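What follows is a set of notes on a single structure, which appears directly below.
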Amino acid sequence: MAMSSKSFTSLAAASMDSLTPTSDPWMVAGRSFNSRLIVGTGKYVDLPTTAAAIEASGAEMVTVAVRRVNLSDPKAPMLQDYVSPSRYTYLPNTAGCFTADDAVRTLRLAREAGGWNLVKLEVLGPPPTLYPDMAATMEAAAALIKDGFEVMVYCSDDPIAAKRLEDMGCVAIMPLGAPIGSGLGVQNPLMIQMIIENAKVPVLVDAGVGTAYDATFAMELGCDAVLVNSAIAMAQNPILMARAMKAGVEAGRLAFRAGRIPKRAAANPSSPTTGLIR
């Protein structure tokens, strides 16, 4: 029985509704978000540009480097005047921390200052790589979880370390795609996929995204979300790049849900090879 044009239109509309970003939320630590793009608040030329780019990104969660927040000059411009904590979920992070003690102290300060319990932990190794120091990260994560924090943790693209952090009680695993600020994109997709396949908590690519393609690729691998800072803040047009990242994340998620065709070593004709006109 042929499908009527009306039925086909209704089916197409239903399919589109089921795949819109707003119908596909993700959850971390009991909190639900429609946007799968998280953006940082550092490195922008000024706070108005920060606010405009975050608005364009559609993000609902923003990271805030506690060590760089102005706490000394009440007359200086404040991030919260431009990016309201009543509108966005602030995710305090430990950017710039190189020891477990510094990271734990920083996040305890953040909780005292703003009541934030959901936090992003990162403990870095020395320059020039700024690669995650996993021993210090494990130490800090254990202390923070014991202290009642909900820890989203930045880590290496190591499936064993990632699983250990999850088993410790971290609420999200955030492996790097490439070194911080490098813009190289996801360099080790196989390891990222292994982390995703073994995880029961959200997995987010964090660090190394350079352009919208990288965000799309991370989402196509099956990541729950992507965190981007430098690629937006340091673009020639941060607001336009924020829009691109939003579209890239949404496209990658839709492609992942749609299910890509298998990769083949040989051609596979798109038209039937039987019933040809002779």
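So you can find residues: chains in the structure tokens are A, B, ... in the order shown, residues in each start at 1, and ligands are numbered from 1 in order.
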
I need the residues of segment 62-192 of chain A that end up classed as strand (DSSP E or B) by DSSP on the backbone, written out as a list in words.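 Of segment 62-192 of chain A, only Val62, Thr63, Val64, Ala65, Thr89, Tyr90, Leu91, Pro92, Asn93, Leu118, Val119, Lys120, Leu121, Leu124, Pro132, Glu150, Val151, Met152, Val153, Tyr154, Cys155, Ala172, Ile173, Met174 and Pro175 of chain A fall in strand (DSSP E or B).
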
Quick one: pick out all helix (DSSP H, G or I) residues within segment 47-194 of chain A from a backbone DSSP run and write them as a compact mmCIF listing (two decimals) with N, CA and C atoms, in the first residue's frame.
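And here's result38.txt as it stands now:
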```
# COMPACT_ATOMS: atom_id res chain seq x y z
N LEU A 47 35.31 41.34 28.18
CA LEU A 47 34.12 40.67 28.71
C LEU A 47 32.89 40.80 27.80
N PRO A 48 32.68 41.94 27.12
CA PRO A 48 31.54 41.97 26.19
C PRO A 48 31.65 40.92 25.09
N THR A 49 32.87 40.71 24.58
CA THR A 49 33.06 39.68 23.56
C THR A 49 32.82 38.30 24.15
N THR A 50 33.26 38.10 25.38
CA THR A 50 33.00 36.83 26.08
C THR A 50 31.51 36.55 26.11
N ALA A 51 30.75 37.54 26.54
CA ALA A 51 29.29 37.37 26.68
C ALA A 51 28.64 37.10 25.33
N ALA A 52 29.04 37.84 24.31
CA ALA A 52 28.43 37.68 22.99
C ALA A 52 28.74 36.32 22.39
N ALA A 53 29.97 35.85 22.55
CA ALA A 53 30.35 34.56 22.01
C ALA A 53 29.61 33.43 22.72
N ILE A 54 29.51 33.51 24.03
CA ILE A 54 28.80 32.46 24.78
C ILE A 54 27.33 32.44 24.39
N GLU A 55 26.75 33.61 24.20
CA GLU A 55 25.37 33.69 23.74
C GLU A 55 25.22 33.00 22.38
N ALA A 56 26.15 33.27 21.47
CA ALA A 56 26.08 32.69 20.13
C ALA A 56 26.29 31.19 20.15
N SER A 57 27.02 30.69 21.13
CA SER A 57 27.32 29.26 21.20
C SER A 57 26.13 28.42 21.63
N VAL A 66 39.06 29.47 38.58
CA VAL A 66 38.97 30.12 39.89
C VAL A 66 40.22 30.94 40.19
N ARG A 67 41.37 30.46 39.78
CA ARG A 67 42.62 31.17 40.09
C ARG A 67 42.72 32.49 39.35
N ARG A 68 41.86 32.69 38.32
CA ARG A 68 41.95 33.92 37.52
C ARG A 68 40.76 34.86 37.76
N LEU A 79 33.15 38.97 35.69
CA LEU A 79 32.59 38.04 34.73
C LEU A 79 31.08 37.88 34.93
N GLN A 80 30.66 37.78 36.17
CA GLN A 80 29.24 37.53 36.44
C GLN A 80 28.34 38.70 36.02
N ASP A 81 28.92 39.87 35.78
CA ASP A 81 28.13 41.00 35.28
C ASP A 81 27.79 40.81 33.80
N TYR A 82 28.55 39.99 33.12
CA TYR A 82 28.36 39.77 31.69
C TYR A 82 27.82 38.37 31.38
N ALA A 100 48.27 18.48 43.28
CA ALA A 100 46.98 18.05 43.82
C ALA A 100 46.52 19.00 44.93
N ASP A 101 47.45 19.43 45.78
CA ASP A 101 47.09 20.32 46.89
C ASP A 101 46.52 21.63 46.38
N ASP A 102 47.15 22.21 45.36
CA ASP A 102 46.65 23.47 44.80
C ASP A 102 45.25 23.29 44.22
N ALA A 103 45.02 22.18 43.53
CA ALA A 103 43.72 21.95 42.91
C ALA A 103 42.63 21.79 43.96
N VAL A 104 42.90 21.03 44.99
CA VAL A 104 41.91 20.81 46.05
C VAL A 104 41.62 22.12 46.78
N ARG A 105 42.66 22.87 47.08
CA ARG A 105 42.49 24.16 47.78
C ARG A 105 41.68 25.13 46.92
N THR A 106 41.95 25.15 45.64
CA THR A 106 41.25 26.06 44.73
C THR A 106 39.76 25.76 44.68
N LEU A 107 39.40 24.50 44.60
CA LEU A 107 37.98 24.15 44.50
C LEU A 107 37.26 24.30 45.84
N ARG A 108 37.95 24.11 46.91
CA ARG A 108 37.34 24.40 48.22
C ARG A 108 37.05 25.89 48.35
N LEU A 109 37.97 26.71 47.83
CA LEU A 109 37.74 28.16 47.81
C LEU A 109 36.53 28.51 46.96
N ALA A 110 36.41 27.84 45.80
CA ALA A 110 35.27 28.10 44.92
C ALA A 110 33.96 27.76 45.61
N ARG A 111 33.93 26.67 46.33
CA ARG A 111 32.69 26.29 47.03
C ARG A 111 32.36 27.28 48.13
N GLU A 112 33.37 27.75 48.81
CA GLU A 112 33.12 28.75 49.86
C GLU A 112 32.62 30.05 49.25
N ALA A 113 33.17 30.43 48.09
CA ALA A 113 32.83 31.72 47.48
C ALA A 113 31.47 31.70 46.80
N GLY A 114 31.14 30.61 46.13
CA GLY A 114 29.92 30.60 45.33
C GLY A 114 28.98 29.45 45.56
N MET A 134 48.53 12.50 35.79
CA MET A 134 47.49 11.57 36.22
C MET A 134 47.65 11.13 37.67
N ALA A 135 48.87 11.02 38.16
CA ALA A 135 49.05 10.65 39.57
C ALA A 135 48.47 11.74 40.47
N ALA A 136 48.78 12.99 40.17
CA ALA A 136 48.25 14.10 40.96
C ALA A 136 46.74 14.24 40.77
N THR A 137 46.26 13.97 39.56
CA THR A 137 44.82 14.03 39.30
C THR A 137 44.07 13.01 40.15
N MET A 138 44.58 11.79 40.21
CA MET A 138 43.96 10.74 41.04
C MET A 138 43.94 11.16 42.51
N GLU A 139 45.04 11.71 42.97
CA GLU A 139 45.14 12.14 44.37
C GLU A 139 44.11 13.23 44.68
N ALA A 140 44.04 14.22 43.81
CA ALA A 140 43.10 15.32 44.02
C ALA A 140 41.65 14.84 43.92
N ALA A 141 41.37 13.98 42.94
CA ALA A 141 40.01 13.47 42.77
C ALA A 141 39.55 12.74 44.02
N ALA A 142 40.41 11.91 44.59
CA ALA A 142 40.05 11.16 45.79
C ALA A 142 39.71 12.11 46.95
N ALA A 143 40.51 13.15 47.11
CA ALA A 143 40.27 14.10 48.20
C ALA A 143 38.97 14.88 47.98
N LEU A 144 38.72 15.30 46.76
CA LEU A 144 37.52 16.09 46.46
C LEU A 144 36.25 15.26 46.59
N ILE A 145 36.28 14.04 46.11
CA ILE A 145 35.10 13.17 46.22
C ILE A 145 34.80 12.88 47.69
N LYS A 146 35.83 12.64 48.47
CA LYS A 146 35.65 12.42 49.91
C LYS A 146 35.05 13.65 50.57
N PRO A 159 42.26 4.64 28.52
CA PRO A 159 41.03 3.97 28.97
C PRO A 159 41.13 3.40 30.38
N ILE A 160 42.31 2.92 30.77
CA ILE A 160 42.46 2.34 32.11
C ILE A 160 42.37 3.43 33.17
N ALA A 161 43.08 4.53 32.95
CA ALA A 161 43.02 5.64 33.91
C ALA A 161 41.62 6.23 33.97
N ALA A 162 40.98 6.35 32.81
CA ALA A 162 39.62 6.91 32.77
C ALA A 162 38.65 6.05 33.57
N LYS A 163 38.75 4.74 33.41
CA LYS A 163 37.86 3.84 34.15
C LYS A 163 38.13 3.90 35.64
N ARG A 164 39.38 4.04 36.00
CA ARG A 164 39.73 4.15 37.42
C ARG A 164 39.12 5.41 38.03
N LEU A 165 39.16 6.51 37.30
CA LEU A 165 38.56 7.75 37.80
C LEU A 165 37.05 7.60 37.95
N GLU A 166 36.42 6.93 36.98
CA GLU A 166 34.98 6.68 37.09
C GLU A 166 34.67 5.83 38.31
N ASP A 167 35.45 4.77 38.51
CA ASP A 167 35.22 3.87 39.65
C ASP A 167 35.42 4.57 40.98
N MET A 168 36.29 5.60 40.98
CA MET A 168 36.50 6.38 42.20
C MET A 168 35.28 7.21 42.56
N PRO A 189 41.56 8.93 18.19
CA PRO A 189 40.14 8.57 18.26
C PRO A 189 39.89 7.16 18.78
N LEU A 190 40.79 6.24 18.53
CA LEU A 190 40.60 4.87 19.01
C LEU A 190 40.51 4.83 20.53
N MET A 191 41.41 5.55 21.19
CA MET A 191 41.40 5.55 22.66
C MET A 191 40.16 6.27 23.20
N ILE A 192 39.77 7.35 22.53
CA ILE A 192 38.55 8.05 22.95
C ILE A 192 37.35 7.12 22.84
N GLN A 193 37.25 6.38 21.75
CA GLN A 193 36.14 5.44 21.58
C GLN A 193 36.17 4.35 22.64
N MET A 194 37.35 3.87 23.00
CA MET A 194 37.45 2.85 24.04
C MET A 194 36.98 3.39 25.39
```

Which polymer residues have any atom within 12 Å of an atom of Ile180 of chain A, counting only C-alpha atoms, with same-chain residues fewer than 5 positions away left out, as a PDB file with C-alpha atoms, in the first residue's frame?
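Output saved as selection20.pdb:
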```
ATOM      1  CA  ALA A  95      43.211  25.723  35.342  1.00  0.00           C
ATOM      2  CA  GLY A  96      46.766  26.670  36.227  1.00  0.00           C
ATOM      3  CA  GLU A 122      42.547  19.417  36.099  1.00  0.00           C
ATOM      4  CA  LEU A 124      48.685  19.775  34.742  1.00  0.00           C
ATOM      5  CA  GLY A 125      52.198  18.617  34.092  1.00  0.00           C
ATOM      6  CA  PRO A 127      55.251  23.047  29.946  1.00  0.00           C
ATOM      7  CA  PRO A 128      55.566  22.637  27.050  1.00  0.00           C
ATOM      8  CA  THR A 129      53.024  19.787  26.953  1.00  0.00           C
ATOM      9  CA  LEU A 130      50.784  20.748  29.921  1.00  0.00           C
ATOM     10  CA  TYR A 131      49.694  17.113  29.719  1.00  0.00           C
ATOM     11  CA  PRO A 132      47.459  15.856  32.558  1.00  0.00           C
ATOM     12  CA  TYR A 154      40.211  16.258  32.813  1.00  0.00           C
ATOM     13  CA  CYS A 155      42.479  13.332  32.031  1.00  0.00           C
ATOM     14  CA  SER A 156      44.727  11.643  29.499  1.00  0.00           C
ATOM     15  CA  PRO A 175      39.946  13.102  28.050  1.00  0.00           C
ATOM     16  CA  GLY A 185      41.755  18.135  17.074  1.00  0.00           C
ATOM     17  CA  VAL A 186      41.241  14.569  18.280  1.00  0.00           C
ATOM     18  CA  VAL A 205      36.441  15.726  24.784  1.00  0.00           C
ATOM     19  CA  ASP A 206      38.274  18.574  26.465  1.00  0.00           C
ATOM     20  CA  ALA A 207      41.267  20.417  24.975  1.00  0.00           C
ATOM     21  CA  GLY A 208      42.704  20.461  21.482  1.00  0.00           C
ATOM     22  CA  VAL A 209      39.599  21.422  19.504  1.00  0.00           C
ATOM     23  CA  GLY A 210      40.591  23.898  16.794  1.00  0.00           C
ATOM     24  CA  LEU A 227      34.374  21.620  25.868  1.00  0.00           C
ATOM     25  CA  VAL A 228      35.893  24.455  23.845  1.00  0.00           C
ATOM     26  CA  ASN A 229      37.720  27.596  24.937  1.00  0.00           C
ATOM     27  CA  SER A 230      40.767  28.679  22.924  1.00  0.00           C
ATOM     28  CA  ALA A 231      39.276  27.779  19.531  1.00  0.00           C
TER      29      ALA A 231
END
```

Would you please work out which residue, of A:Pro269, A:Ala225, A:Phe149, A:Gly259, is nearest to Ser35 of chain A when using only C-alpha atoms? A:Ala225

Interatomic distance (Å, one decimal) between atom CA of Val39 of chain A and atom CA of Leu221 of chain A: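 Result for atom CA of Val39 of chain A versus atom CA of Leu221 of chain A: 19.6 Å, one decimal.
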